[in-house]
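This is data.txt. It holds compact mmCIF, C-alpha atoms and all ligand atoms.
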```txt
# COMPACT_ATOMS: atom_id res chain seq x y z
CA MET D 1 78.67 135.96 65.97
CA GLY D 2 81.98 135.48 67.78
CA ASN D 3 85.14 134.08 66.30
CA ARG D 4 83.83 131.02 64.51
CA LEU D 5 86.60 128.98 62.90
CA VAL D 6 84.99 125.68 61.97
CA GLU D 7 81.66 124.46 60.66
CA ASN D 8 79.56 121.95 62.61
CA GLN D 9 79.88 119.29 59.98
CA VAL D 10 83.67 119.63 59.68
CA LEU D 11 84.14 119.28 63.43
CA LEU D 12 81.87 116.25 63.65
CA GLU D 13 83.50 114.66 60.64
CA GLY D 14 86.85 114.82 62.44
CA LEU D 15 85.46 113.40 65.66
CA ASN D 16 83.68 110.57 63.86
CA TRP D 17 86.83 109.80 61.86
CA ARG D 18 89.03 109.41 64.93
CA TYR D 19 89.13 106.16 66.84
CA ALA D 20 91.40 104.61 69.41
CA THR D 21 93.86 103.34 66.83
CA LYS D 22 95.31 99.93 67.66
CA ALA D 23 97.81 99.56 64.78
CA TYR D 24 100.12 102.32 63.58
CA ASP D 25 102.21 102.54 60.44
CA PRO D 26 105.72 102.90 61.92
CA THR D 27 107.04 104.48 58.72
CA LYS D 28 104.70 107.48 58.88
CA LYS D 29 105.83 110.38 61.05
CA VAL D 30 103.92 113.45 62.16
CA SER D 31 105.50 116.53 60.57
CA ASP D 32 107.37 119.03 62.75
CA ALA D 33 104.74 121.69 62.02
CA ASP D 34 101.86 119.42 63.04
CA TRP D 35 103.71 118.25 66.11
CA ALA D 36 104.39 121.83 67.16
CA THR D 37 100.64 122.50 66.88
CA ILE D 38 99.79 119.47 68.99
CA GLU D 39 102.29 120.54 71.68
CA ALA D 40 100.85 124.05 71.64
CA ALA D 41 97.31 122.67 71.91
CA ILE D 42 98.06 120.59 75.01
CA SER D 43 99.92 123.51 76.56
CA LEU D 44 96.84 125.71 76.00
CA ALA D 45 94.53 123.40 77.95
CA PRO D 46 92.89 125.06 80.94
CA SER D 47 93.66 123.85 84.45
CA SER D 48 92.33 124.68 87.88
CA PHE D 49 93.51 128.25 88.68
CA GLY D 50 95.88 127.82 85.71
CA ILE D 51 98.47 126.08 87.87
CA GLN D 52 99.14 123.37 85.25
CA PRO D 53 100.20 120.69 87.77
CA TYR D 54 101.52 118.36 85.08
CA LYS D 55 104.20 117.75 82.50
CA PHE D 56 103.91 116.26 79.05
CA ILE D 57 106.77 113.90 78.32
CA VAL D 58 107.17 113.52 74.57
CA ILE D 59 108.97 110.26 73.89
CA THR D 60 110.42 109.67 70.46
CA ASP D 61 113.57 107.78 71.48
CA PRO D 62 113.10 104.23 70.09
CA GLU D 63 115.09 102.52 72.87
CA THR D 64 113.06 104.17 75.61
CA ARG D 65 109.87 103.16 73.84
CA GLU D 66 111.05 99.54 73.55
CA MET D 67 111.65 99.57 77.31
CA LEU D 68 108.20 101.04 77.95
CA LYS D 69 106.27 98.58 75.78
CA PRO D 70 106.30 95.62 78.20
CA ALA D 71 105.21 98.02 80.96
CA ALA D 72 102.17 98.78 78.78
CA TYR D 73 101.34 95.08 78.34
CA GLY D 74 102.93 94.96 74.90
CA GLN D 75 100.58 97.49 73.28
CA THR D 76 102.14 98.16 69.88
CA PRO D 77 101.24 101.88 69.63
CA ILE D 78 103.91 102.43 72.31
CA THR D 79 106.64 101.68 69.76
CA ASP D 80 104.90 102.02 66.40
CA ALA D 81 103.21 105.41 66.59
CA SER D 82 105.13 108.46 65.46
CA HIS D 83 105.10 110.07 68.92
CA LEU D 84 104.23 108.95 72.44
CA VAL D 85 103.15 111.43 75.10
CA ALA D 86 103.09 110.54 78.79
CA PHE D 87 100.84 112.86 80.79
CA ALA D 88 102.39 113.07 84.26
CA TYR D 89 100.76 114.90 87.16
CA LYS D 90 102.58 116.53 90.05
CA LYS D 91 102.24 114.43 93.18
CA THR D 92 101.88 117.38 95.52
CA LEU D 93 101.41 121.16 95.53
CA THR D 94 103.57 123.36 97.72
CA ASP D 95 103.60 127.05 98.57
CA GLY D 96 106.65 127.18 96.28
CA ASP D 97 104.57 125.92 93.34
CA ILE D 98 102.01 128.66 93.95
CA GLU D 99 104.69 131.33 94.35
CA TYR D 100 106.28 130.21 91.09
CA PHE D 101 102.91 130.52 89.37
CA VAL D 102 102.24 133.97 90.85
CA GLU D 103 105.64 135.14 89.60
CA ARG D 104 104.85 133.76 86.16
CA ILE D 105 101.54 135.67 86.03
CA ALA D 106 103.36 138.85 87.12
CA GLU D 107 106.01 138.37 84.44
CA VAL D 108 103.61 137.61 81.59
CA ARG D 109 101.14 140.34 82.49
CA GLY D 110 103.73 142.91 83.56
CA VAL D 111 102.29 143.48 87.02
CA GLY D 112 103.84 143.41 90.49
CA THR D 113 103.51 140.24 92.56
CA ASP D 114 102.10 142.42 95.37
CA THR D 115 98.92 142.91 93.28
CA LEU D 116 98.50 139.12 93.23
CA ALA D 117 98.97 138.50 96.96
CA ASP D 118 95.30 137.80 97.70
CA TYR D 119 94.97 135.49 94.71
CA GLY D 120 98.14 133.70 95.76
CA ASN D 121 96.74 133.14 99.25
CA VAL D 122 93.49 131.74 97.87
CA MET D 123 95.47 129.27 95.78
CA LYS D 124 97.74 128.35 98.69
CA GLY D 125 94.61 127.69 100.78
CA SER D 126 93.17 125.38 98.11
CA ALA D 127 96.48 123.58 97.70
CA LYS D 128 96.86 123.09 101.45
CA ARG D 129 93.31 121.75 101.75
CA ALA D 130 94.00 119.28 98.94
CA VAL D 131 97.26 118.12 100.54
CA ASP D 132 95.83 117.90 104.07
CA GLY D 133 92.63 116.28 102.78
CA GLY D 134 94.60 113.63 100.92
CA TYR D 135 93.15 114.45 97.50
CA VAL D 136 95.94 116.47 95.88
CA GLU D 137 96.91 113.56 93.63
CA THR D 138 93.29 113.08 92.57
CA TRP D 139 92.96 116.79 91.86
CA ASN D 140 96.21 117.12 89.93
CA SER D 141 95.77 113.92 87.96
CA ARG D 142 92.30 114.98 86.82
CA GLN D 143 93.79 118.14 85.41
CA ALA D 144 96.03 116.08 83.13
CA TYR D 145 93.02 114.60 81.31
CA ILE D 146 92.01 117.99 79.95
CA PRO D 147 95.14 118.32 77.78
CA LEU D 148 94.58 114.69 76.76
CA GLY D 149 91.16 115.74 75.48
CA PHE D 150 92.69 118.69 73.68
CA LEU D 151 95.18 116.33 72.04
CA LEU D 152 92.46 113.95 70.89
CA GLU D 153 90.37 116.69 69.34
CA THR D 154 93.34 118.52 67.82
CA THR D 155 94.72 115.40 66.18
CA ALA D 156 91.26 114.47 64.88
CA LEU D 157 90.94 117.85 63.18
CA LEU D 158 94.44 117.56 61.72
CA GLY D 159 93.71 114.09 60.30
CA ILE D 160 96.24 112.49 62.63
CA ASP D 161 95.48 109.35 64.62
CA ALA D 162 95.79 109.07 68.38
CA THR D 163 95.20 106.47 71.08
CA PRO D 164 94.50 107.38 74.69
CA MET D 165 95.93 104.68 76.98
CA GLU D 166 95.58 103.88 80.64
CA GLY D 167 96.72 100.29 80.15
CA PHE D 168 100.20 100.55 81.62
CA ASP D 169 102.02 100.12 84.92
CA ALA D 170 102.58 103.63 86.23
CA ALA D 171 105.32 102.64 88.70
CA LYS D 172 107.31 101.03 85.88
CA PHE D 173 106.79 104.00 83.59
CA ASN D 174 107.87 106.41 86.32
CA GLY D 175 110.99 104.31 86.92
CA ILE D 176 111.96 104.13 83.25
CA LEU D 177 111.31 107.85 82.73
CA GLY D 178 113.12 108.78 85.96
CA LEU D 179 110.11 110.54 87.47
CA THR D 180 109.96 111.18 91.21
CA ASP D 181 107.88 114.32 91.80
CA TYR D 182 105.51 113.46 88.94
CA SER D 183 103.60 110.30 88.07
CA VAL D 184 102.32 109.18 84.67
CA VAL D 185 98.52 108.93 84.66
CA VAL D 186 97.63 108.48 80.99
CA LEU D 187 99.37 108.15 77.62
CA ALA D 188 98.63 109.21 74.07
CA ALA D 189 100.19 107.53 71.07
CA VAL D 190 100.04 109.77 67.99
CA GLY D 191 100.71 108.90 64.37
CA TYR D 192 99.05 107.37 61.34
CA ARG D 193 96.86 104.28 61.33
CA ASP D 194 97.79 101.04 59.62
CA ALA D 195 94.15 100.46 58.69
CA ALA D 196 94.79 97.18 56.87
CA ASN D 197 96.21 95.63 60.04
CA ASP D 198 93.91 97.26 62.59
CA TRP D 199 90.94 95.12 63.64
CA LEU D 200 89.17 98.19 64.97
CA ALA D 201 89.52 100.32 61.84
CA PRO D 202 86.44 98.97 59.97
CA LEU D 203 84.16 98.73 63.00
CA ALA D 204 81.46 101.26 63.74
CA LYS D 205 81.92 103.62 66.64
CA VAL D 206 79.79 102.57 69.63
CA ARG D 207 78.21 105.25 71.79
CA LYS D 208 75.15 105.35 74.02
CA PRO D 209 72.13 106.79 72.24
CA ASP D 210 71.73 110.54 72.50
CA GLY D 211 68.69 110.22 74.76
CA GLU D 212 70.62 108.17 77.32
CA ILE D 213 73.80 110.16 77.48
CA ILE D 214 72.56 113.74 77.28
CA VAL D 215 70.11 114.93 79.89
CA ARG D 216 68.27 118.07 78.86
CA ILE D 217 66.29 119.78 81.60
C1 LIG D 301 91.33 107.26 79.61
C2 LIG D 301 91.34 106.24 78.51
C3 LIG D 301 92.15 105.12 78.58
C4 LIG D 301 92.19 104.19 77.54
N1 LIG D 301 93.09 103.16 77.58
C5 LIG D 301 93.27 102.41 76.46
C6 LIG D 301 94.34 101.48 76.38
O1 LIG D 301 95.14 101.30 77.30
N2 LIG D 301 94.49 100.78 75.23
C7 LIG D 301 93.65 100.96 74.16
O2 LIG D 301 93.86 100.31 73.13
N3 LIG D 301 92.61 101.83 74.21
C8 LIG D 301 92.42 102.57 75.34
N4 LIG D 301 91.42 103.49 75.37
C9 LIG D 301 90.54 103.65 74.20
C10 LIG D 301 89.09 103.34 74.49
O3 LIG D 301 88.86 101.97 74.57
C11 LIG D 301 88.24 104.00 73.39
O4 LIG D 301 88.49 105.38 73.41
C12 LIG D 301 86.76 103.74 73.54
O5 LIG D 301 86.49 102.37 73.39
C13 LIG D 301 85.93 104.54 72.55
O6 LIG D 301 86.30 104.23 71.25
P1 LIG D 301 86.92 105.28 70.22
O7 LIG D 301 87.99 106.04 70.96
O8 LIG D 301 87.51 104.43 69.14
O9 LIG D 301 85.83 106.19 69.75
C14 LIG D 301 91.35 104.39 76.43
C15 LIG D 301 90.52 105.51 76.37
C16 LIG D 301 90.53 106.44 77.37
C17 LIG D 301 89.68 107.68 77.24
```
Mind turning this structure into C-alpha cells?
Amino acid sequence: MGNRLVENQVLLEGLNWRYATKAYDPTKKVSDADWATIEAAISLAPSSFGIQPYKFIVITDPETREMLKPAAYGQTPITDASHLVAFAYKKTLTDGDIEYFVERIAEVRGVGTDTLADYGNVMKGSAKRAVDGGYVETWNSRQAYIPLGFLLETTALLGIDATPMEGFDAAKFNGILGLTDYSVVVLAAVGYRDAANDWLAPLAKVRKPDGEIIVRI
C-alpha cells in the first residue's frame, strides 16, 4: 500500500495542535537540523511546470527584523519568532527564465536541452500569455502559497509553531529587503509559542462544519 510514513491520527494531531501563534518565546530557537528540514520542505513544494517563480528570504538578522516590524503593523512574531520567512514571487516571467529552467532540467536529468525544446516552447507560450494577459503576478504569487502550506504542515509535524501573515506593507518590505524583481506576498514566522502570553493559545480552533466545507458528489 504505497510508501506510508504517518498514521492518520498522528497527522491530525499535528494539524490540530498548530495554530496561528501570536506570541513567541524569543529565547527558543529552531535547531539547525529542524531548520534545514523546513527549508528543504519549502523547496520541495510543487509549482506550475516546476518553474518555482519565487524566492524564500530567511530573515534572522535582528536589526532587519526590527526594521520590518512597523511595516507589519507591529506584529510581534516578526521580531520574536526564531525565524522569519518572506515568500517573494517573481514579478514577471521571461524567455530567459524558461531557458534557465530548461537548462536546469537538462543538467539534473543528464539530457540534452534539444530534447526539451517542445516543452520549453509550451512554457514560453504560457509565460507570454500570462504577461500579455496581465496575470503573471497573480499566477506567480499563487505559486508562493504552496510552499507556505508545506511550511505550515511541516512545522506542525515537527512540533514547531508557525504564523502565516499577510498583514504587512509589501512595498515597505520590498524596500527594506532590497527587492526589485520580486515582491513579498506572504510571511511565515517560525519558532516556539509563549503560550502563557498568547491570548489565542487556549482558544478552540474554529472551522466550518465538515458538511459545509466539503462537498462530496
Ligand atoms: C494567508 C494568511 C494570512 C494571514 N495573516 C495573518 C496575519 O497577518 N497575522 C496573524 O496574526 N494571523 C494571520 N493569519 C492567521 C489566520 O488568522 C489563521 O490561520 C486563521 O484564523 C485560522 O486559525 P489557525 O491558523 O489558528 O488554525 C493568516 C493566515 C493566512 C492563511
Expected selection as a PyMOL selection string for ligand LIG 301 (chain D) within 9 Å, only C-alpha atoms and all ligand atoms: chain D and resi 15-22+72-73+75+77+145+148-149+162-168+185-188+200-201+204-207
Surrounding residues of Ala81 in chain D excluding itself and chain neighbours under 5 positions, 6 Å, all atoms listed in the file, as a list in words: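 In the requested format, the answer is Tyr24, Pro26, Ala189, Val190 and Gly191 of chain D.
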Show me a table, sorted first by chain and then by increasing residue number, of the residues of range 25-86 of chain D having an atom at most 8 Å from range 127-143 of chain D, each with its shortest atom pair and the distance in Å to one decimal, counting only C-alpha atoms and written as a Markdown table.
```
| residue | atom | partner | partner_atom | distance |
| --- | --- | --- | --- | --- |
| D:Ser47 | CA | D:Gln143 | CA | 5.8 |
| D:Ser48 | CA | D:Gln143 | CA | 7.1 |
| D:Gln52 | CA | D:Gln143 | CA | 7.5 |
| D:Pro53 | CA | D:Asn140 | CA | 5.8 |
| D:Tyr54 | CA | D:Asn140 | CA | 7.3 |
```
Given all atoms listed in the file as the counted atoms, nearest of D:Glu7, D:Ile78, D:Asp32, D:Ala86 to Val58 in chain D: D:Ala86
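Using only C-alpha atoms, the nearest neighbour of Asp198 in chain D within the list D:Asn174, D:Thr37, D:Thr92, D:Thr76 is D:Thr76.
The coordinates place CA of Arg109 in chain D at 19.8 Å from CA of Gly96 in chain D.
What separates CA of Ala41 in chain D from CA of Thr155 in chain D is a distance of 9.6 Å.
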Just to confirm, what's the straight-line distance from CA of Gly50 in chain D to CA of Phe150 in chain D in Å (one decimal)?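 Result for CA of Gly50 in chain D versus CA of Phe150 in chain D: 15.4 Å, one decimal.
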For range 151-160 of chain D, take all atoms listed in the file, fit an axis-aligned box around them, add 8 Å to each of the six sides, then output centre and edge lengths in Å rounded to one decimal, as JSON.
```
{"center_x": 93.3, "center_y": 115.5, "center_z": 66.2, "size_x": 21.9, "size_y": 22.0, "size_z": 27.7}
```
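Within 10 Å of the point (99.7, 128.2, 100.3), counting only C-alpha atoms, the protein and nucleic acid residues come to Leu93, Thr94, Asp95, Gly96, Asp97, Ile98, Glu99, Gly120, Asn121, Val122, Met123, Lys124, Gly125, Ser126, Ala127, Lys128 and Arg129 of chain D.
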Using only C-alpha atoms, pick whichever of D:Pro62, D:Gly110, D:Gly159, D:Gly211 has the shortest atom-to-atom distance to Ser82 in chain D.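 That would be D:Pro62, the residue with the smallest distance to Ser82 in chain D.
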Would you please work out which residue, of D:Gln9, D:Ser43, D:Asn197, D:Thr27, is nearest to Pro147 in chain D when using all atoms listed in the file? D:Ser43
